[in-house]
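What follows is the content of input-v6.cif (mmCIF, C-alpha atoms).
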data_model
loop_
_atom_site.label_atom_id
_atom_site.label_comp_id
_atom_site.auth_asym_id
_atom_site.auth_seq_id
_atom_site.Cartn_x
_atom_site.Cartn_y
_atom_site.Cartn_z
CA ILE A 1042 13.76 48.05 -26.03
CA ILE A 1043 16.63 47.23 -28.36
CA PHE A 1044 17.69 50.89 -28.43
CA PHE A 1045 17.94 51.14 -24.65
CA LEU A 1046 19.65 47.75 -24.40
CA ILE A 1047 22.42 48.91 -26.74
CA ILE A 1048 22.97 52.06 -24.68
CA PHE A 1049 23.08 50.06 -21.45
CA ILE A 1050 25.65 47.59 -22.77
CA GLY A 1051 27.76 50.45 -24.09
CA TYR A 1052 27.62 52.17 -20.71
CA ILE A 1053 28.80 49.03 -18.92
CA SER A 1054 31.71 48.62 -21.34
CA TYR A 1055 32.74 52.26 -21.04
CA SER A 1056 32.55 52.28 -17.26
CA GLN A 1057 35.17 49.51 -17.04
CA CYS A 1058 38.00 51.92 -17.87
CA THR A 1059 37.88 54.24 -14.90
CA PRO A 1060 40.79 54.72 -12.47
CA PRO A 1061 42.67 52.77 -11.26
CA VAL A 1062 42.24 50.88 -14.56
CA VAL A 1063 44.52 52.34 -17.26
CA THR A 1064 42.84 50.33 -20.01
CA ASN A 1065 41.43 46.89 -20.72
CA PHE A 1066 41.10 47.75 -24.44
CA GLU A 1067 37.37 47.00 -24.30
CA CYS A 1068 36.48 50.64 -23.80
CA GLY A 1069 39.05 52.18 -26.11
CA MET A 1070 42.60 53.38 -25.65
CA PRO A 1071 43.97 54.81 -22.38
CA THR A 1072 42.76 58.31 -21.60
CA GLN A 1073 46.38 59.34 -20.95
CA THR A 1074 48.68 60.58 -23.72
CA ILE A 1075 50.40 57.72 -25.56
CA LEU A 1076 53.98 58.42 -26.68
CA GLY A 1077 56.97 56.37 -27.82
CA ASN A 1078 56.26 53.47 -30.17
CA GLY A 1079 52.54 53.58 -29.46
CA ILE A 1080 50.04 50.77 -29.24
CA ILE A 1081 46.87 49.78 -31.08
CA SER A 1082 43.75 47.94 -29.97
CA ILE A 1083 43.03 44.69 -31.87
CA SER A 1084 40.81 41.63 -31.51
CA ASN A 1085 42.42 39.15 -29.12
CA PRO A 1086 44.34 36.69 -31.35
CA PHE A 1087 45.16 34.37 -28.44
CA GLU A 1088 41.95 33.86 -26.44
CA SER A 1089 43.08 31.27 -23.91
CA GLY A 1090 44.27 30.72 -20.36
CA ILE A 1091 43.83 33.75 -18.12
CA ASN A 1092 42.73 36.07 -20.92
CA ASN A 1093 39.57 35.48 -22.95
CA SER A 1094 38.70 39.15 -23.43
CA SER A 1095 37.67 40.37 -26.88
CA ASN A 1096 40.28 43.08 -27.37
CA VAL A 1097 43.93 43.50 -26.43
CA GLY A 1098 46.74 45.96 -27.12
CA GLN A 1099 49.32 45.19 -29.79
CA TYR A 1100 52.72 46.78 -29.28
CA THR A 1101 55.34 46.82 -32.05
CA ASP A 1102 58.88 46.89 -30.69
CA ASN A 1103 62.06 47.68 -32.60
CA GLY A 1104 64.05 44.71 -31.35
CA THR A 1105 67.28 46.19 -32.67
CA SER A 1106 66.90 49.17 -30.33
CA GLY A 1107 67.24 48.05 -26.73
CA TRP A 1108 65.57 51.04 -25.09
CA ASP A 1109 62.67 52.06 -27.32
CA ASN A 1110 59.50 52.10 -25.28
CA LEU A 1111 55.83 52.76 -24.71
CA ILE A 1112 55.12 55.93 -22.72
CA ILE A 1113 51.84 56.66 -20.95
CA ASP A 1114 51.93 60.35 -20.00
CA TYR A 1115 49.42 61.34 -17.33
CA ASN A 1116 50.32 65.06 -17.64
CA THR A 1117 49.90 65.22 -13.88
CA VAL A 1118 51.37 63.43 -10.87
CA ILE A 1119 50.32 59.77 -10.77
CA ASP A 1120 48.50 59.15 -7.49
CA LEU A 1121 49.96 55.93 -6.07
CA SER A 1122 48.80 56.51 -2.50
CA SER A 1123 45.96 53.99 -2.73
CA ASN A 1124 47.09 51.82 -5.65
CA PRO A 1125 50.91 51.47 -5.78
CA TYR A 1126 51.08 48.17 -7.69
CA LEU A 1127 51.09 47.99 -11.48
CA SER A 1128 49.55 44.94 -13.12
CA PHE A 1129 49.00 43.85 -16.72
CA LYS A 1130 48.74 40.69 -18.80
CA LEU A 1131 51.40 39.91 -21.41
CA TYR A 1132 51.54 37.51 -24.36
CA SER A 1133 54.92 36.98 -26.01
CA THR A 1134 56.23 34.40 -28.48
CA SER A 1135 59.68 34.68 -26.86
CA SER A 1136 60.88 34.88 -23.28
CA ILE A 1137 61.42 38.53 -22.40
CA GLN A 1138 61.70 40.94 -19.50
CA VAL A 1139 59.60 44.09 -19.34
CA MET A 1140 61.11 46.96 -17.42
CA ALA A 1141 58.52 49.37 -15.98
CA LYS A 1142 59.72 52.86 -15.08
CA LEU A 1143 58.11 55.91 -13.54
CA GLU A 1144 59.47 59.22 -14.84
CA GLY A 1145 58.78 62.92 -14.55
CA GLY A 1146 59.75 63.22 -10.91
CA THR A 1147 62.21 61.05 -9.01
CA ALA A 1148 62.46 58.15 -11.45
CA VAL A 1149 62.07 54.54 -10.30
CA GLU A 1150 62.48 51.44 -12.47
CA LYS A 1151 61.41 47.84 -11.83
CA TRP A 1152 62.34 44.71 -13.78
CA SER A 1153 60.08 41.72 -14.30
CA ASP A 1154 61.03 38.08 -14.26
CA PHE A 1155 61.51 36.51 -17.67
CA SER A 1156 58.15 35.74 -19.25
CA GLY A 1157 56.90 32.40 -20.46
CA THR A 1158 56.16 31.94 -24.16
CA ASN A 1159 52.95 31.59 -26.16
CA SER A 1160 50.59 32.04 -23.23
CA TRP A 1161 49.07 34.94 -21.32
CA GLU A 1162 50.88 35.77 -18.11
CA GLU A 1163 50.24 38.41 -15.47
CA PHE A 1164 53.08 40.84 -14.72
CA ASN A 1165 53.14 42.79 -11.45
CA TYR A 1166 55.36 45.62 -10.20
CA ASP A 1167 55.64 47.04 -6.70
CA PHE A 1168 55.94 50.85 -6.82
CA SER A 1169 55.08 51.37 -3.15
CA ASP A 1170 58.51 52.99 -2.71
CA ALA A 1171 57.60 55.68 -5.27
CA VAL A 1172 54.34 56.99 -3.79
CA ASN A 1173 55.64 60.51 -3.14
CA ASN A 1174 58.13 60.78 -6.00
CA GLY A 1175 55.98 63.09 -8.13
CA ASN A 1176 56.23 61.04 -11.32
CA THR A 1177 53.93 61.82 -14.25
CA LYS A 1178 54.83 59.11 -16.78
CA LEU A 1179 54.68 55.32 -16.88
CA VAL A 1180 57.22 53.89 -19.34
CA LEU A 1181 57.32 50.23 -20.44
CA PHE A 1182 60.45 48.79 -22.05
CA PHE A 1183 59.62 45.50 -23.76
CA ASN A 1184 62.60 43.11 -24.04
CA ALA A 1185 64.62 45.86 -22.42
CA GLY A 1186 68.29 46.16 -23.33
CA VAL A 1187 68.11 43.51 -26.05
CA GLU A 1188 69.28 44.49 -29.54
CA THR A 1189 69.22 41.10 -31.29
CA GLY A 1190 65.57 41.11 -32.35
CA THR A 1191 63.87 42.42 -35.48
CA THR A 1192 62.47 45.85 -36.28
CA SER A 1193 58.91 44.55 -35.89
CA ASP A 1194 58.74 42.33 -32.80
CA MET A 1195 55.14 42.06 -31.57
CA TYR A 1196 53.97 41.90 -27.97
CA TYR A 1197 50.42 41.88 -26.63
CA ILE A 1198 49.15 43.35 -23.37
CA ASP A 1199 45.80 43.64 -21.66
CA ASP A 1200 44.09 44.66 -18.42
CA MET A 1201 46.62 47.33 -17.45
CA ARG A 1202 45.76 48.74 -14.06
CA TRP A 1203 47.01 50.01 -10.71
CA THR A 1204 46.01 47.87 -7.72
CA ASN A 1205 46.21 48.15 -3.95
CA THR A 1206 46.95 44.55 -3.02
CA LEU A 1207 49.11 41.69 -4.20
CA SER A 1208 48.72 38.07 -3.21
CA VAL A 1209 51.66 36.28 -1.56
CA GLU A 1210 52.16 34.41 -4.83
CA LYS A 1211 52.43 37.65 -6.82
CA ILE A 1212 54.75 39.24 -4.27
CA ASN A 1213 57.04 36.23 -4.40
CA LYS A 1214 57.01 36.25 -8.20
CA ILE A 1215 58.17 39.85 -8.52
CA SER A 1216 60.64 39.61 -5.62
CA ASN A 1217 62.25 36.17 -5.92
CA PHE A 1218 64.87 36.95 -8.52
CA ILE A 1219 65.59 39.89 -10.80
CA SER A 1220 68.62 40.31 -13.04
CA TYR A 1221 69.47 42.98 -15.59
CA PRO A 1222 70.50 44.10 -18.15
CA ASN A 1223 70.24 41.30 -20.68
CA PRO A 1224 72.37 41.14 -22.71
CA ALA A 1225 75.11 42.67 -20.57
CA LYS A 1226 78.48 44.18 -21.49
CA ASP A 1227 80.34 44.93 -18.26
CA PHE A 1228 78.03 44.43 -15.28
CA ILE A 1229 75.07 42.24 -14.33
CA TYR A 1230 72.88 43.30 -11.42
CA ILE A 1231 71.13 40.60 -9.39
CA LYS A 1232 68.44 40.96 -6.74
CA SER A 1233 67.05 38.01 -4.80
CA ILE A 1234 65.23 37.52 -1.51
CA PHE A 1235 66.72 34.03 -1.29
CA GLU A 1236 70.32 32.86 -0.94
CA ILE A 1237 71.96 32.12 -4.30
CA ASN A 1238 73.95 28.89 -4.13
CA SER A 1239 75.25 28.80 -7.70
CA TYR A 1240 75.01 30.60 -11.00
CA SER A 1241 76.00 30.28 -14.67
CA ILE A 1242 76.27 33.02 -17.28
CA PHE A 1243 75.80 32.15 -20.97
CA ASN A 1244 76.51 34.14 -24.10
CA VAL A 1245 73.98 34.55 -26.92
CA HIS A 1246 75.24 31.32 -28.52
CA GLY A 1247 74.57 29.28 -25.39
CA LYS A 1248 78.25 28.96 -24.35
CA VAL A 1249 78.97 29.04 -20.62
CA LEU A 1250 81.14 32.06 -19.81
CA ILE A 1251 81.15 31.85 -16.02
CA SER A 1252 79.91 29.14 -13.65
CA LYS A 1253 80.36 29.30 -9.88
CA GLU A 1254 79.03 27.54 -6.79
CA ASN A 1255 78.89 28.44 -3.11
#
Write-out of the structure in structure tokens:
Amino acid sequence: IIFFLIIFIGYISYSQCTPPVVTNFECGMPTQTILGNGIISISNPFESGINNSSNVGQYTDNGTSGWDNLIIDYNTVIDLSSNPYLSFKLYSTSSIQVMAKLEGGTAVEKWSDFSGTNSWEEFNYDFSDAVNNGNTKLVLFFNAGVETGTTSDMYYIDDMRWTNTLSVEKINKISNFISYPNPAKDFIYIKSIFEINSYSIFNVHGKVLISKEN
């Protein structure tokens, strides 16, 4: 009885990581090729809030290199026809943006809002405009464009998957306001579905460089 029970539990755990799930780190690493900085599966060090799972992915970012990344190579065209939305949970000790990019065909990149700190948060990206672009790679840039960190900044992710629906709350969250790059040298790009009445731009020391209204 014990023997069959162990097999049954193992089967349930393994079956969780089938498409459109990329990985939940309970059934091992993603089946796709992992390139770039790589990621390892560890016991969840922050079991709280929206994520009480046993295992999560730990990503080590070179914070002095703004565009190092984690690459998930499918080695074939990613089928987004039924599940065009990317979702994963993130835990970060600092407020960051994660840029998600599809490559290998006609590339498309999406920027997240700035994350909260010291709590699990769900990130969502709408790739419905890239369904027929023929892309084969999913690339994640953690703290994209920032070069003021350390060579061993740690970020934690879990429950990475493609989905076919987003709630109104999630759609608003990924569409309300997006700005990049950060930090910026010459240009700052801003996207918002709402009218912007005022804005302020600060440097890395907290000094106001530009402040405008109306």
| said: Let me make sure I understand: among A:Pro1224, A:Pro1071, A:Gly1098, A:Gly1077, which one has the smallest atom-to-atom distance to Ile1137 (chain A) if we use all atoms listed in the file? | reply: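 Ranked by minimum distance to Ile1137 (chain A), first place goes to A:Pro1224.
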| Neighbours of Tyr1221 (chain A) within 7 Å (all atoms listed in the file; same-chain residues fewer than 5 positions away dropped), as number ranges by chain? | A: 1229-1231
Hey, can you spit out that residue selection with C-alpha atoms as a PDB file, in the coordinates of the input?
ATOM      1  CA  ILE A1229      75.070  42.240 -14.330  1.00  0.00           C
ATOM      2  CA  TYR A1230      72.880  43.300 -11.420  1.00  0.00           C
ATOM      3  CA  ILE A1231      71.130  40.600  -9.390  1.00  0.00           C
TER       4      ILE A1231
END
| request: Pick out the closest residue to Phe1066 (chain A) from this set: A:Gly1157, A:Ile1081, A:Val1180, A:Phe1168. Count all atoms listed in the file. | output: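 For Phe1066 (chain A), the nearest of the candidates is A:Ile1081.
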Any chance you could work out the residue set of the PyMOL selection byres ((chain A and resi 1099) around 10) here, as a CSV table (one decimal) with C-alpha atoms, in the frame of the given file?
chain,number,residue,atom,x,y,z
A,1079,GLY,CA,52.5,53.6,-29.5
A,1080,ILE,CA,50.0,50.8,-29.2
A,1081,ILE,CA,46.9,49.8,-31.1
A,1082,SER,CA,43.8,47.9,-30.0
A,1083,ILE,CA,43.0,44.7,-31.9
A,1084,SER,CA,40.8,41.6,-31.5
A,1085,ASN,CA,42.4,39.2,-29.1
A,1086,PRO,CA,44.3,36.7,-31.4
A,1096,ASN,CA,40.3,43.1,-27.4
A,1097,VAL,CA,43.9,43.5,-26.4
A,1098,GLY,CA,46.7,46.0,-27.1
A,1100,TYR,CA,52.7,46.8,-29.3
A,1101,THR,CA,55.3,46.8,-32.0
A,1102,ASP,CA,58.9,46.9,-30.7
A,1132,TYR,CA,51.5,37.5,-24.4
A,1195,MET,CA,55.1,42.1,-31.6
A,1196,TYR,CA,54.0,41.9,-28.0
A,1197,TYR,CA,50.4,41.9,-26.6
A,1198,ILE,CA,49.2,43.4,-23.4
A,1199,ASP,CA,45.8,43.6,-21.7
| request: Would you be able to write out as a count of residues only which residues have an atom within 9 Å of (48.4, 61.0, -5.2) in the file's coordinates, counting all atoms listed in the file? | output: 9
| message | What does the structure give for the distance between CA of Thr1059 (chain A) and CA of Gly1090 (chain A), in Å to one decimal? | response |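 One can read the CA of Thr1059 (chain A) to CA of Gly1090 (chain A) distance as 25.0 Å.
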| message | If I take CA of Lys1130 (chain A) and CA of Ser1095 (chain A), how far is one from the other in Å, to one decimal? | response |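 Rounded to one decimal, the two atoms are 13.7 Å apart.
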| request: One decimal, Å: what's the distance from CA of Ile1113 (chain A) over to CA of Thr1158 (chain A), could you say? | output: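 For CA of Ile1113 (chain A) relative to CA of Thr1158 (chain A), the distance reads 25.3 Å.
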